[in-house]
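Colleague: Please find work_9.txt (compact mmCIF, C-alpha atoms) on the next line:
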# COMPACT_ATOMS: atom_id res chain seq x y z
CA MET P 1 -10.79 72.00 17.24
CA ASP P 2 -14.04 71.93 15.30
CA VAL P 3 -15.46 68.73 16.81
CA LEU P 4 -19.03 69.06 15.50
CA GLY P 5 -17.76 69.87 12.01
CA ILE P 6 -15.60 66.75 11.93
CA ILE P 7 -18.44 64.56 13.22
CA PHE P 8 -21.00 65.84 10.71
CA SER P 9 -18.63 65.69 7.77
CA ALA P 10 -17.32 62.21 8.63
CA LEU P 11 -20.73 60.66 9.29
CA PHE P 12 -22.79 62.26 6.54
CA ALA P 13 -21.42 64.83 4.11
CA ASN P 14 -18.11 63.12 3.33
CA ASN P 15 -19.23 59.59 4.18
CA PHE P 16 -16.35 57.29 3.25
CA VAL P 17 -18.47 54.80 1.34
CA LEU P 18 -21.19 56.83 -0.31
CA ALA P 19 -19.32 60.05 -1.10
CA GLN P 20 -15.65 59.07 -1.35
CA PHE P 21 -15.85 55.47 -2.63
CA LEU P 22 -13.54 53.99 -0.01
CA GLY P 23 -14.24 50.52 1.40
CA ILE P 24 -16.70 49.55 -1.34
CA CYS P 25 -15.59 45.89 -1.43
CA PRO P 26 -16.80 45.00 2.11
CA PHE P 27 -19.75 47.39 1.62
CA LEU P 28 -21.00 45.20 -1.25
CA GLY P 29 -19.61 41.89 -0.04
CA VAL P 30 -20.44 41.71 3.68
CA SER P 31 -23.85 43.42 3.65
CA LYS P 32 -26.14 40.42 3.21
CA LYS P 33 -27.15 40.26 6.90
CA PRO P 34 -27.39 43.19 9.36
CA GLY P 35 -25.55 41.20 12.05
CA SER P 36 -22.45 40.56 9.99
CA ALA P 37 -22.59 44.10 8.59
CA LEU P 38 -22.50 45.51 12.12
CA GLY P 39 -19.57 43.21 13.01
CA MET P 40 -17.61 44.33 9.96
CA GLY P 41 -18.42 47.98 10.64
CA LEU P 42 -17.22 47.82 14.24
CA ALA P 43 -14.06 45.92 13.29
CA VAL P 44 -13.27 48.60 10.69
CA THR P 45 -13.98 51.39 13.19
CA ALA P 46 -11.67 49.88 15.83
CA VAL P 47 -8.83 49.35 13.36
CA MET P 48 -9.31 52.87 11.96
CA VAL P 49 -8.96 54.53 15.36
CA ILE P 50 -5.81 52.56 16.20
CA THR P 51 -4.38 53.14 12.71
CA CYS P 52 -4.83 56.91 13.04
CA ALA P 53 -3.31 56.91 16.50
CA VAL P 54 -0.23 55.01 15.26
CA THR P 55 0.37 56.29 11.71
CA TYR P 56 -0.01 59.98 12.57
CA PRO P 57 2.96 60.11 14.99
CA ILE P 58 5.05 57.81 12.78
CA TYR P 59 4.53 60.07 9.78
CA THR P 60 4.88 63.37 11.63
CA PHE P 61 7.79 62.60 13.93
CA VAL P 62 9.74 59.95 12.01
CA LEU P 63 9.13 59.94 8.25
CA LEU P 64 8.82 63.71 7.71
CA PRO P 65 11.88 64.85 9.73
CA LEU P 66 14.07 62.12 8.20
CA GLY P 67 12.94 62.97 4.67
CA LEU P 68 11.51 59.48 4.12
CA LYS P 69 8.11 60.73 2.99
CA TYR P 70 8.20 58.61 -0.17
CA LEU P 71 8.14 55.43 1.94
CA ASN P 72 4.69 56.29 3.34
CA ILE P 73 2.68 53.68 1.40
CA ILE P 74 4.95 50.79 2.39
CA VAL P 75 5.21 51.91 6.04
CA PHE P 76 1.45 52.45 6.39
CA ILE P 77 0.48 49.10 4.90
CA LEU P 78 2.98 47.28 7.12
CA VAL P 79 1.73 49.11 10.20
CA ILE P 80 -1.88 48.27 9.32
CA ALA P 81 -1.15 44.60 8.60
CA SER P 82 0.73 44.13 11.87
CA LEU P 83 -1.90 46.08 13.86
CA VAL P 84 -4.65 43.83 12.55
CA GLN P 85 -2.59 40.75 13.36
CA MET P 86 -1.93 42.06 16.88
CA LEU P 87 -5.56 42.99 17.48
CA GLU P 88 -6.54 39.48 16.40
CA MET P 89 -4.11 37.90 18.88
CA ILE P 90 -5.22 40.16 21.75
CA LEU P 91 -8.90 39.50 21.10
CA LYS P 92 -8.26 35.75 20.84
CA LYS P 93 -6.50 35.76 24.21
CA PHE P 94 -8.76 38.02 26.25
CA THR P 95 -12.23 38.01 24.64
CA PRO P 96 -12.68 34.71 22.76
CA GLY P 97 -16.41 35.39 22.39
CA LEU P 98 -15.89 38.63 20.50
CA TYR P 99 -13.05 37.03 18.54
CA SER P 100 -15.18 34.19 17.24
CA SER P 101 -18.03 36.53 16.34
CA LEU P 102 -15.70 38.84 14.38
CA GLY P 103 -13.78 35.82 13.09
CA ILE P 104 -13.33 36.22 9.36
CA TYR P 105 -13.91 39.98 9.26
CA LEU P 106 -10.74 41.00 11.05
CA PRO P 107 -8.19 39.67 8.52
CA LEU P 108 -10.32 41.17 5.73
CA VAL P 109 -9.84 44.61 7.28
CA THR P 110 -6.16 44.66 6.23
CA THR P 111 -7.04 44.88 2.56
CA ASN P 112 -9.83 47.39 3.10
CA CYS P 113 -8.98 50.57 1.25
CA ALA P 114 -10.84 52.66 3.83
CA ILE P 115 -8.07 51.97 6.36
CA LEU P 116 -5.20 53.01 4.09
CA GLY P 117 -7.42 55.88 2.94
CA ILE P 118 -7.84 57.25 6.49
CA ALA P 119 -4.09 56.91 7.11
CA LYS P 120 -3.42 59.00 4.00
CA LEU P 121 -6.17 61.47 4.93
CA VAL P 122 -5.03 62.25 8.48
CA THR P 123 -1.37 62.59 7.46
CA ALA P 124 -2.05 65.27 4.85
CA GLU P 125 0.31 68.21 5.09
CA ALA P 126 -0.84 71.80 4.91
CA ALA P 127 0.60 75.17 3.97
CA ALA P 128 2.12 77.02 6.94
CA GLY P 129 -0.84 79.40 7.40
CA LEU P 130 -3.49 76.68 7.24
CA ALA P 131 -1.81 74.15 9.50
CA ASN P 132 -3.62 72.95 12.61
CA PHE P 133 -0.45 71.50 14.01
CA SER P 134 3.05 72.81 13.41
CA THR P 135 6.33 72.18 15.10
CA ASN P 136 10.03 72.61 14.46
CA MET P 137 12.40 69.71 14.92
CA VAL P 138 16.16 69.49 14.76
CA VAL P 139 17.29 66.37 12.91
CA PHE P 140 21.03 65.72 12.41
CA GLY P 141 21.70 69.40 13.15
CA LYS P 142 19.17 70.55 10.54
CA LEU P 143 15.97 72.44 11.35
CA VAL P 144 12.86 70.80 9.88
CA LYS P 145 9.50 72.61 9.83
CA ILE P 146 6.45 70.37 10.09
CA ASN P 147 2.98 71.61 9.12
CA MET P 148 0.14 69.13 9.37
CA ALA P 149 -3.48 69.72 8.30
CA MET P 150 -4.74 67.98 11.44
CA SER P 151 -3.62 67.77 15.04
CA PHE P 152 -3.29 64.40 16.77
CA GLY P 153 -6.65 64.74 18.51
CA GLU P 154 -8.41 65.59 15.27
CA ALA P 155 -6.74 62.65 13.54
CA VAL P 156 -7.99 60.14 16.12
CA LEU P 157 -11.45 61.73 16.17
CA SER P 158 -11.59 61.54 12.36
CA GLY P 159 -10.65 57.87 12.53
CA LEU P 160 -13.47 57.18 14.98
CA PHE P 161 -16.19 59.05 13.11
CA TYR P 162 -15.22 58.03 9.56
CA GLY P 163 -15.33 54.45 10.90
CA LEU P 164 -18.78 55.05 12.39
CA GLY P 165 -19.85 56.58 9.06
CA PHE P 166 -18.75 53.37 7.33
CA THR P 167 -20.71 51.34 9.92
CA LEU P 168 -23.79 53.50 9.36
CA ALA P 169 -23.67 53.02 5.58
CA ILE P 170 -23.07 49.24 5.66
CA VAL P 171 -25.78 48.60 8.29
CA LEU P 172 -28.29 50.71 6.34
CA LEU P 173 -27.48 48.84 3.12
CA SER P 174 -27.79 45.45 4.81
CA GLY P 175 -31.22 46.45 6.08
CA LEU P 176 -32.31 47.50 2.60
CA ARG P 177 -30.90 44.31 1.07
CA GLN P 178 -33.13 42.20 3.31
CA LYS P 179 -36.00 43.45 1.13
CA VAL P 180 -34.24 44.12 -2.17
CA ASP P 181 -32.67 40.66 -2.49
CA ARG P 182 -36.11 39.07 -2.37
CA LEU P 183 -37.56 41.22 -5.15
CA ASN P 184 -38.48 39.47 -8.36
CA VAL P 185 -36.16 41.25 -10.83
CA ALA P 186 -34.67 40.24 -14.18
CA LYS P 187 -32.06 37.48 -13.85
CA SER P 188 -29.19 39.66 -15.08
CA LEU P 189 -29.97 42.33 -12.46
CA ARG P 190 -29.81 39.93 -9.52
CA GLY P 191 -26.89 40.23 -7.09
CA PHE P 192 -24.34 42.98 -7.64
CA PRO P 193 -26.29 45.18 -10.12
CA MET P 194 -29.29 45.40 -7.79
CA THR P 195 -27.05 46.15 -4.79
CA MET P 196 -25.34 48.92 -6.79
CA ILE P 197 -28.69 50.46 -7.69
CA THR P 198 -29.74 50.36 -4.02
CA ALA P 199 -26.45 52.06 -3.12
CA CYS P 200 -27.17 54.65 -5.82
CA PHE P 201 -30.36 55.71 -4.03
CA MET P 202 -28.53 55.80 -0.70
CA ALA P 203 -25.85 58.01 -2.24
CA MET P 204 -28.56 60.36 -3.51
CA ALA P 205 -30.01 60.61 0.00
CA PHE P 206 -26.59 61.29 1.52
CA TYR P 207 -25.85 63.91 -1.17
CA VAL P 208 -28.46 66.13 0.47
CA PHE P 209 -26.22 66.42 3.56
CA THR P 210 -23.50 68.13 1.51
CA LEU P 211 -26.01 70.87 0.65
CA ILE P 212 -26.61 71.57 4.36
CA GLY P 213 -22.94 72.00 5.20
CA MET R 1 3.65 27.93 -24.32
CA LYS R 2 0.80 26.20 -26.07
CA LYS R 3 -1.54 28.30 -28.13
CA GLU R 4 -4.58 27.01 -26.26
CA ARG R 5 -3.12 28.05 -22.89
CA PHE R 6 -2.41 31.53 -24.26
CA SER R 7 -5.92 32.02 -25.56
CA GLN R 8 -7.34 30.60 -22.34
CA ILE R 9 -5.45 33.16 -20.21
CA ALA R 10 -6.34 35.98 -22.62
CA LEU R 11 -10.04 35.10 -22.68
CA ASP R 12 -10.12 34.68 -18.88
CA GLY R 13 -8.64 38.13 -18.31
CA LEU R 14 -10.67 39.99 -20.90
CA VAL R 15 -14.06 38.28 -20.74
CA ARG R 16 -14.66 35.16 -18.68
CA GLN R 17 -13.11 36.47 -15.46
CA ASN R 18 -13.16 40.16 -16.30
CA PRO R 19 -12.16 41.75 -12.96
CA THR R 20 -14.61 44.65 -13.23
CA PHE R 21 -17.74 43.04 -14.63
CA ARG R 22 -17.53 39.34 -13.76
CA LEU R 23 -15.55 39.19 -10.49
CA VAL R 24 -16.56 42.71 -9.32
CA LEU R 25 -13.16 43.36 -7.73
CA GLY R 26 -11.36 46.66 -7.31
CA THR R 27 -14.67 48.50 -7.12
CA CYS R 28 -13.41 51.56 -5.20
CA PRO R 29 -11.16 52.98 -7.95
CA THR R 30 -13.68 51.91 -10.58
CA LEU R 31 -16.42 54.03 -9.03
CA ALA R 32 -14.18 56.97 -8.15
CA ILE R 33 -12.08 57.53 -11.27
CA THR R 34 -14.60 56.78 -14.04
CA ILE R 35 -15.63 60.42 -13.95
CA SER R 36 -13.26 61.08 -16.87
CA ALA R 37 -11.94 58.75 -19.56
CA ILE R 38 -8.35 60.00 -19.42
CA ASN R 39 -8.15 59.39 -15.66
CA SER R 40 -9.56 55.90 -16.11
CA PHE R 41 -7.08 55.03 -18.83
CA GLY R 42 -4.20 56.32 -16.69
CA MET R 43 -5.42 54.36 -13.69
CA GLY R 44 -5.81 51.26 -15.86
CA MET R 45 -2.23 51.57 -17.08
CA ALA R 46 -0.93 52.02 -13.52
CA VAL R 47 -2.83 48.91 -12.38
CA LEU R 48 -1.56 46.99 -15.43
CA PHE R 49 2.06 47.85 -14.64
CA VAL R 50 1.75 46.90 -10.95
CA LEU R 51 -0.14 43.72 -11.83
CA VAL R 52 2.44 42.48 -14.36
CA CYS R 53 5.46 43.33 -12.17
CA SER R 54 4.02 41.91 -8.94
CA ASN R 55 2.82 38.75 -10.72
CA VAL R 56 6.31 38.17 -12.16
CA ILE R 57 8.12 38.72 -8.83
CA ILE R 58 5.62 36.66 -6.83
CA SER R 59 5.80 33.87 -9.38
CA LEU R 60 9.61 33.88 -9.19
CA LEU R 61 9.50 33.75 -5.39
CA ARG R 62 6.61 31.28 -5.14
CA ASN R 63 8.81 28.46 -3.81
CA VAL R 64 10.71 30.73 -1.40
CA ILE R 65 7.88 32.55 0.40
CA PRO R 66 6.62 30.51 3.39
CA ASP R 67 2.91 29.81 3.21
CA ARG R 68 2.09 31.32 6.61
CA VAL R 69 3.40 34.80 5.88
CA ARG R 70 2.55 34.95 2.19
CA ILE R 71 -0.05 37.74 2.40
CA PRO R 72 2.30 40.29 4.11
CA CYS R 73 5.03 39.34 1.60
CA PHE R 74 2.67 39.89 -1.34
CA ILE R 75 1.55 43.23 0.08
CA VAL R 76 5.10 44.50 0.50
CA ILE R 77 5.99 43.49 -3.08
CA ILE R 78 2.87 45.21 -4.40
CA ALA R 79 3.47 48.32 -2.25
CA THR R 80 6.99 48.65 -3.70
CA PHE R 81 5.69 48.75 -7.26
CA VAL R 82 2.88 51.13 -6.31
CA THR R 83 5.48 53.48 -4.81
CA ILE R 84 7.47 53.30 -8.08
CA VAL R 85 4.36 54.12 -10.14
CA SER R 86 3.29 57.00 -7.92
CA MET R 87 6.79 58.53 -7.87
CA PHE R 88 6.97 58.21 -11.68
CA MET R 89 3.56 59.84 -12.12
CA GLU R 90 4.33 62.65 -9.68
CA ALA R 91 7.46 63.47 -11.69
CA PHE R 92 6.26 63.09 -15.28
CA LEU R 93 2.44 63.26 -15.21
CA PRO R 94 1.64 65.68 -12.35
CA ASP R 95 -1.88 66.47 -13.64
CA LEU R 96 -2.89 62.83 -13.69
CA PHE R 97 -1.20 62.32 -10.29
CA ASN R 98 -3.27 65.11 -8.76
CA SER R 99 -6.58 64.01 -10.22
CA LEU R 100 -6.12 60.35 -9.21
CA GLY R 101 -5.21 61.53 -5.71
CA VAL R 102 -5.42 58.94 -2.95
CA PHE R 103 -6.62 56.23 -5.33
CA LEU R 104 -3.13 55.83 -6.79
CA ALA R 105 -1.79 54.83 -3.37
CA LEU R 106 -4.81 52.61 -2.88
CA ILE R 107 -3.69 50.29 -5.71
CA VAL R 108 -1.83 48.53 -2.86
CA VAL R 109 -5.08 47.24 -1.42
CA ASN R 110 -6.79 46.72 -4.78
CA CYS R 111 -8.35 43.26 -4.54
CA ILE R 112 -7.59 42.47 -8.21
CA ILE R 113 -3.83 42.51 -7.61
CA LEU R 114 -3.82 40.60 -4.33
CA GLY R 115 -6.41 38.22 -5.79
CA ARG R 116 -4.29 37.38 -8.83
CA ALA R 117 -1.19 36.99 -6.65
CA GLU R 118 -3.03 34.56 -4.40
CA SER R 119 -4.99 32.59 -6.99
CA PHE R 120 -2.65 32.60 -10.02
CA ALA R 121 0.92 33.89 -9.60
CA SER R 122 1.65 31.93 -6.40
CA HIS R 123 1.37 28.56 -8.20
CA ASN R 124 2.07 29.20 -11.88
CA PRO R 125 5.31 29.69 -13.89
CA VAL R 126 6.64 33.16 -14.68
CA GLY R 127 5.53 33.38 -18.32
CA ALA R 128 1.94 32.45 -17.60
CA SER R 129 1.82 34.83 -14.60
CA ALA R 130 3.11 37.76 -16.65
CA LEU R 131 0.50 37.05 -19.34
CA ASP R 132 -2.23 36.74 -16.73
CA GLY R 133 -1.21 40.11 -15.28
CA LEU R 134 -1.19 41.67 -18.74
CA PHE R 135 -4.64 40.44 -19.72
CA MET R 136 -6.25 41.05 -16.30
CA GLY R 137 -4.84 44.59 -16.44
CA LEU R 138 -6.12 45.06 -19.98
CA GLY R 139 -9.53 43.74 -18.96
CA PHE R 140 -9.63 46.27 -16.11
CA THR R 141 -8.43 49.15 -18.33
CA VAL R 142 -10.95 48.46 -21.10
CA SER R 143 -13.85 48.11 -18.62
CA VAL R 144 -13.17 51.27 -16.63
CA THR R 145 -12.54 53.28 -19.81
CA LEU R 146 -15.87 52.09 -21.23
CA ILE R 147 -17.76 53.13 -18.08
CA ALA R 148 -15.90 56.45 -18.05
CA ILE R 149 -16.73 57.21 -21.70
CA VAL R 150 -20.45 56.86 -20.95
CA ARG R 151 -20.29 58.90 -17.72
CA GLU R 152 -18.18 61.62 -19.30
CA LEU R 153 -20.36 61.88 -22.39
CA LEU R 154 -23.62 62.20 -20.43
CA GLY R 155 -22.28 64.09 -17.44
CA SER R 156 -19.91 66.64 -18.94
CA ALA R 157 -20.55 66.42 -22.71
CA SER R 158 -17.00 65.51 -23.66
CA PHE R 159 -15.01 62.55 -24.99
CA PHE R 160 -11.50 62.01 -23.57
CA GLY R 161 -11.44 65.64 -22.47
CA ILE R 162 -12.52 67.01 -25.87
CA GLU R 163 -15.69 69.06 -25.62
CA LEU R 164 -18.30 67.72 -28.03
CA TRP R 165 -21.14 70.15 -27.42
CA ASP R 166 -22.02 72.97 -25.05
CA ALA R 167 -22.34 71.32 -21.63
CA SER R 168 -24.59 74.10 -20.32
CA LYS R 169 -27.20 73.30 -23.00
CA PHE R 170 -27.41 69.55 -22.44
CA SER R 171 -25.68 67.51 -19.77
CA ILE R 172 -26.96 65.30 -16.99
CA LYS R 173 -25.02 66.33 -13.87
CA PHE R 174 -26.31 63.20 -12.11
CA PHE R 175 -23.73 61.07 -13.92
CA THR R 176 -20.82 63.00 -12.44
CA SER R 177 -22.12 62.50 -8.88
CA SER R 178 -21.42 59.49 -6.67
CA ALA R 179 -24.97 58.20 -7.10
CA GLY R 180 -24.48 58.26 -10.88
CA ALA R 181 -21.32 56.19 -10.49
CA PHE R 182 -23.18 53.45 -8.63
CA LEU R 183 -26.03 53.42 -11.16
CA THR R 184 -23.80 53.34 -14.26
CA TYR R 185 -21.59 50.60 -12.86
CA GLY R 186 -24.58 48.49 -11.80
CA LEU R 187 -26.25 48.80 -15.20
CA PHE R 188 -22.96 47.99 -16.96
CA ILE R 189 -22.64 44.75 -14.98
CA ALA R 190 -26.22 43.85 -15.86
CA ILE R 191 -25.68 44.55 -19.60
CA PHE R 192 -22.41 42.59 -19.58
CA ASN R 193 -24.19 39.65 -17.92
CA VAL R 194 -26.93 39.68 -20.58
CA CYS R 195 -24.38 39.67 -23.44
CA TYR R 196 -22.18 37.06 -21.74
CA ASN R 197 -25.05 34.68 -21.10
CA ALA R 198 -26.36 35.09 -24.66
CA VAL R 199 -22.94 34.30 -26.19
CA GLU R 200 -22.46 31.38 -23.81
CA ARG R 201 -25.81 29.90 -24.78
CA LYS R 202 -25.03 30.34 -28.49
CA LEU R 203 -21.62 28.65 -28.13
CA LYS R 204 -23.12 25.76 -26.18
CA HIS R 205 -25.78 25.37 -28.85
CA ASN R 206 -23.14 25.33 -31.64
CA ARG R 207 -21.04 22.77 -29.78
CA ALA R 208 -24.02 20.52 -29.25
CA HIS R 209 -24.90 20.92 -32.93
CA LYS R 210 -21.37 19.95 -34.05
CA MET R 211 -21.43 16.82 -31.91
CA LEU R 212 -24.76 15.78 -33.36
CA LYS R 213 -23.78 16.37 -36.98
CA PRO R 214 -21.58 13.32 -37.72
CA VAL R 215 -24.14 11.10 -36.06
CA THR R 216 -26.90 12.44 -38.26
CA ALA R 217 -24.70 12.12 -41.38
CA GLU R 218 -23.97 8.52 -40.54
CA THR R 219 -27.56 7.73 -39.85
CA ALA R 220 -28.47 9.41 -43.13
CA LYS R 221 -26.00 7.17 -44.97
CA GLU R 222 -27.32 4.12 -43.23
CA ALA R 223 -30.78 5.09 -44.20
CA GLU R 224 -29.71 5.34 -47.84
Using the file provided, produce a representation of the structure as structure tokens.
Modeller:
Amino acid sequence: MDVLGIIFSALFANNFVLAQFLGICPFLGVSKKPGSALGMGLAVTAVMVITCAVTYPIYTFVLLPLGLKYLNIIVFILVIASLVQMLEMILKKFTPGLYSSLGIYLPLVTTNCAILGIAKLVTAEAAAGLANFSTNMVVFGKLVKINMAMSFGEAVLSGLFYGLGFTLAIVLLSGLRQKVDRLNVAKSLRGFPMTMITACFMAMAFYVFTLIG
Amino acid sequence: MKKERFSQIALDGLVRQNPTFRLVLGTCPTLAITISAINSFGMGMAVLFVLVCSNVIISLLRNVIPDRVRIPCFIVIIATFVTIVSMFMEAFLPDLFNSLGVFLALIVVNCIILGRAESFASHNPVGASALDGLFMGLGFTVSVTLIAIVRELLGSASFFGIELWDASKFSIKFFTSSAGAFLTYGLFIAIFNVCYNAVERKLKHNRAHKMLKPVTAETAKEAE
């Protein structure tokens, strides 16, 4: 398992927000203040890790052997929606302080494309020679070969570090916006256009990391 | 349906509440697929189909779905249509399917579709909801295709996949990168805002003028 490779690629070179355009809506919408940006980032990271840990086995050991691969979008989105709901209930019961500080961010996570994106990413299949995880299963008397691009450990690790990469990007942007939002720019550039241009410079900076790897 | 209602829905979808430039929703696919105009048009059509179908079904079921669980219900309806689209594309348009990649599946969590379901289809009749889906989808398609034409022209010297001049002689690679996507989209929103505000001001001015006119004519007569 290439742990360092996964960490570097997830945090910098293939950063979900700035290189792959996943989770742009909260990136632009919840980045006004560093505090709320950090809350959103951590909520996304937590849900990402749990999503990877749940969707990977469901896809590998249930959907693939039964030949129900085409149901993946519906199954994933249902799993994510119920996970978020469950996490909300658990947090409300056991850590009310954390629950009230995350408050509105948790339900928003359901419709964050980064979460569905990571579920699709970690459940990618690979050709037999390139697979990191392969197994044979007998389903209804038929032998099914399963070749996955990632093993379970790699999937969970990817979830963690792609989530932290998202947190890094959104916290950095919120810091920059503290200054940028106060600049005296043309009226039509205020708000979203200026945030996009700030993100453009961040993307340029992150592009350099792809040259290293 | 009254003509005014029709034109109101059409104008809302295409200009006043344009999902890409005014509401800034569904930004992830917008940034990712505008690298080529054909991809953008295909994505726009896929979104349009899902938007119309989900709006119709949600509008039909609007009195059946309990309020507390409406969001999961909407998501399942949307996910069904997204699955239909992606299976159709995989079978008949495999090139487009491969180049759209994960973003085709991500239509499920596209805020435009869930937003319209929540704010329009869940409390409007079927006809109006279908029209709303159609014009919101068209607004999205036109906007992303416009952005893509600019990025494709500057970044890879072609127009809808047709090479216009030798890309090695003049092309700005920046526009094909992720940073270029952010910049182009941001500038497009700014330009759209300038045009929109100018037209709005002009219309307001005309309206004010019209209201003043009969008064001035009357006063002119009185003066005579």
Colleague: Using all atoms listed in the file, what residues lie at most 10 Å away from (-18.0, 58.8, -1.9) (file coordinates), given as a list in words?
Modeller: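 With a cut-off of 10 Å, the residues come to Ala13, Asn14, Asn15, Phe16, Val17, Leu18, Ala19, Gln20, Phe21, Leu22, Gly23, Ile24, Ala203, Phe206 and Tyr207 of chain P; Cys28, Leu31, Ala32, Ser177, Ser178, Ala179 and Ala181 of chain R.
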Colleague: Provide as a ChimeraX atom specification the residues of chain P at most 9 Å from chain R, counting all atoms listed in the file.
Modeller: /P:17-25,70-74,77-78,81-82,110-113,116-117,120-121,187-190,192-204,207
Colleague: Nearest to Phe160 in chain R among R:Ile58, R:Asp95, R:Ala148, R:Phe6, with distances taken over all atoms listed in the file: which residue is it?
Modeller: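 When distances to Phe160 in chain R are compared using all atoms listed in the file, the smallest one comes from R:Ala148.
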Colleague: What is the distance between CA of Pro96 in chain P and CA of Thr51 in chain P, in Å to one decimal?
Modeller: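 Computing the Euclidean distance for CA of Pro96 in chain P and CA of Thr51 in chain P yields 22.6 Å.
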Colleague: Quick one: of P:Ser158, P:Thr167, P:Asn184, P:Thr55, who's nearest to Phe8 in chain P, counting only C-alpha atoms?
Modeller: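 Closest residue, counting only C-alpha atoms: P:Ser158.
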Colleague: If I take CA of Met136 in chain R and CA of Ser40 in chain R, how far is one from the other in Å, to one decimal?
Modeller: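 Going from CA of Met136 in chain R over to CA of Ser40 in chain R covers 15.2 Å.
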Colleague: Near Asp181 in chain P, counting all atoms listed in the file, which residues have an atom at most 8 Å away, once you skip same-chain residues fewer than 2 positions from it, shown as a list in words?
Modeller: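 The contact residues come out as Arg177, Gln178, Lys179, Leu183, Arg190, Gly191 and Met194 of chain P.
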Colleague: Rounded to one decimal place, report the CA of Thr176 in chain R-CA of Ser158 in chain R distance in Å.
Modeller: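 About the pair CA of Thr176 in chain R and CA of Ser158 in chain R: they are 12.1 Å apart.
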Colleague: Which residues are close to range 32-45 of chain P, i.e. within 7 Å by all atoms listed in the file, leaving aside same-chain residues fewer than 6 positions away? Reply as number ranges by chain.
Modeller: P: 102, 105-106, 109, 160, 163-164, 166-167, 170-171, 174-175, 177
Colleague: If you count all atoms listed in the file, which residues fall within 12 Å of Gly5 in chain P, apart from same-chain ones fewer than 2 positions away, as a PyMOL selection string?
Modeller: chain P and resi 1-3+7-14+154+157-158+161+212-213
Colleague: Quick one: residues within 12 Å of Met89 in chain P, only C-alpha atoms, excluding same-chain residues fewer than 2 positions away - as a list in words?
Modeller: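 In the requested format, the answer is Ser82, Leu83, Val84, Gln85, Met86, Leu87, Leu91, Lys92, Lys93, Phe94, Thr95, Pro96, Leu98, Tyr99, Ser100, Gly103, Leu106 and Pro107 of chain P.
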Colleague: So, with only C-alpha atoms as the atoms that count, which of R:Val64, R:Leu104, R:Leu131, R:Leu51 lies closest to Gln8 in chain R?
Modeller: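 Among the listed residues, the smallest separation from Gln8 in chain R belongs to R:Leu131.
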Colleague: Need the shell around Asn147 in chain P: protein/DNA/RNA residues with any atom at most 10 Å away, counting all atoms listed in the file. Skip same-chain ones fewer than 2 positions apart. Format as a short mmCIF file (atom, residue, chain, number, x, y, z; two decimals) with C-alpha atoms, in the frame of the given file?
Modeller:
data_model
loop_
_atom_site.label_atom_id
_atom_site.label_comp_id
_atom_site.auth_asym_id
_atom_site.auth_seq_id
_atom_site.Cartn_x
_atom_site.Cartn_y
_atom_site.Cartn_z
CA THR P 60 4.88 63.37 11.63
CA LEU P 64 8.82 63.71 7.71
CA ALA P 124 -2.05 65.27 4.85
CA GLU P 125 0.31 68.21 5.09
CA ALA P 126 -0.84 71.80 4.91
CA ALA P 127 0.60 75.17 3.97
CA ALA P 128 2.12 77.02 6.94
CA GLY P 129 -0.84 79.40 7.40
CA LEU P 130 -3.49 76.68 7.24
CA ALA P 131 -1.81 74.15 9.50
CA ASN P 132 -3.62 72.95 12.61
CA PHE P 133 -0.45 71.50 14.01
CA SER P 134 3.05 72.81 13.41
CA THR P 135 6.33 72.18 15.10
CA ASN P 136 10.03 72.61 14.46
CA VAL P 144 12.86 70.80 9.88
CA LYS P 145 9.50 72.61 9.83
CA ALA P 149 -3.48 69.72 8.30
CA MET P 150 -4.74 67.98 11.44
CA SER P 151 -3.62 67.77 15.04
#
Colleague: Which one of P:Ser31, P:Val180, P:Val122, P:Val139 sits closest to Val49 in chain P if you count only C-alpha atoms?
Modeller: P:Val122
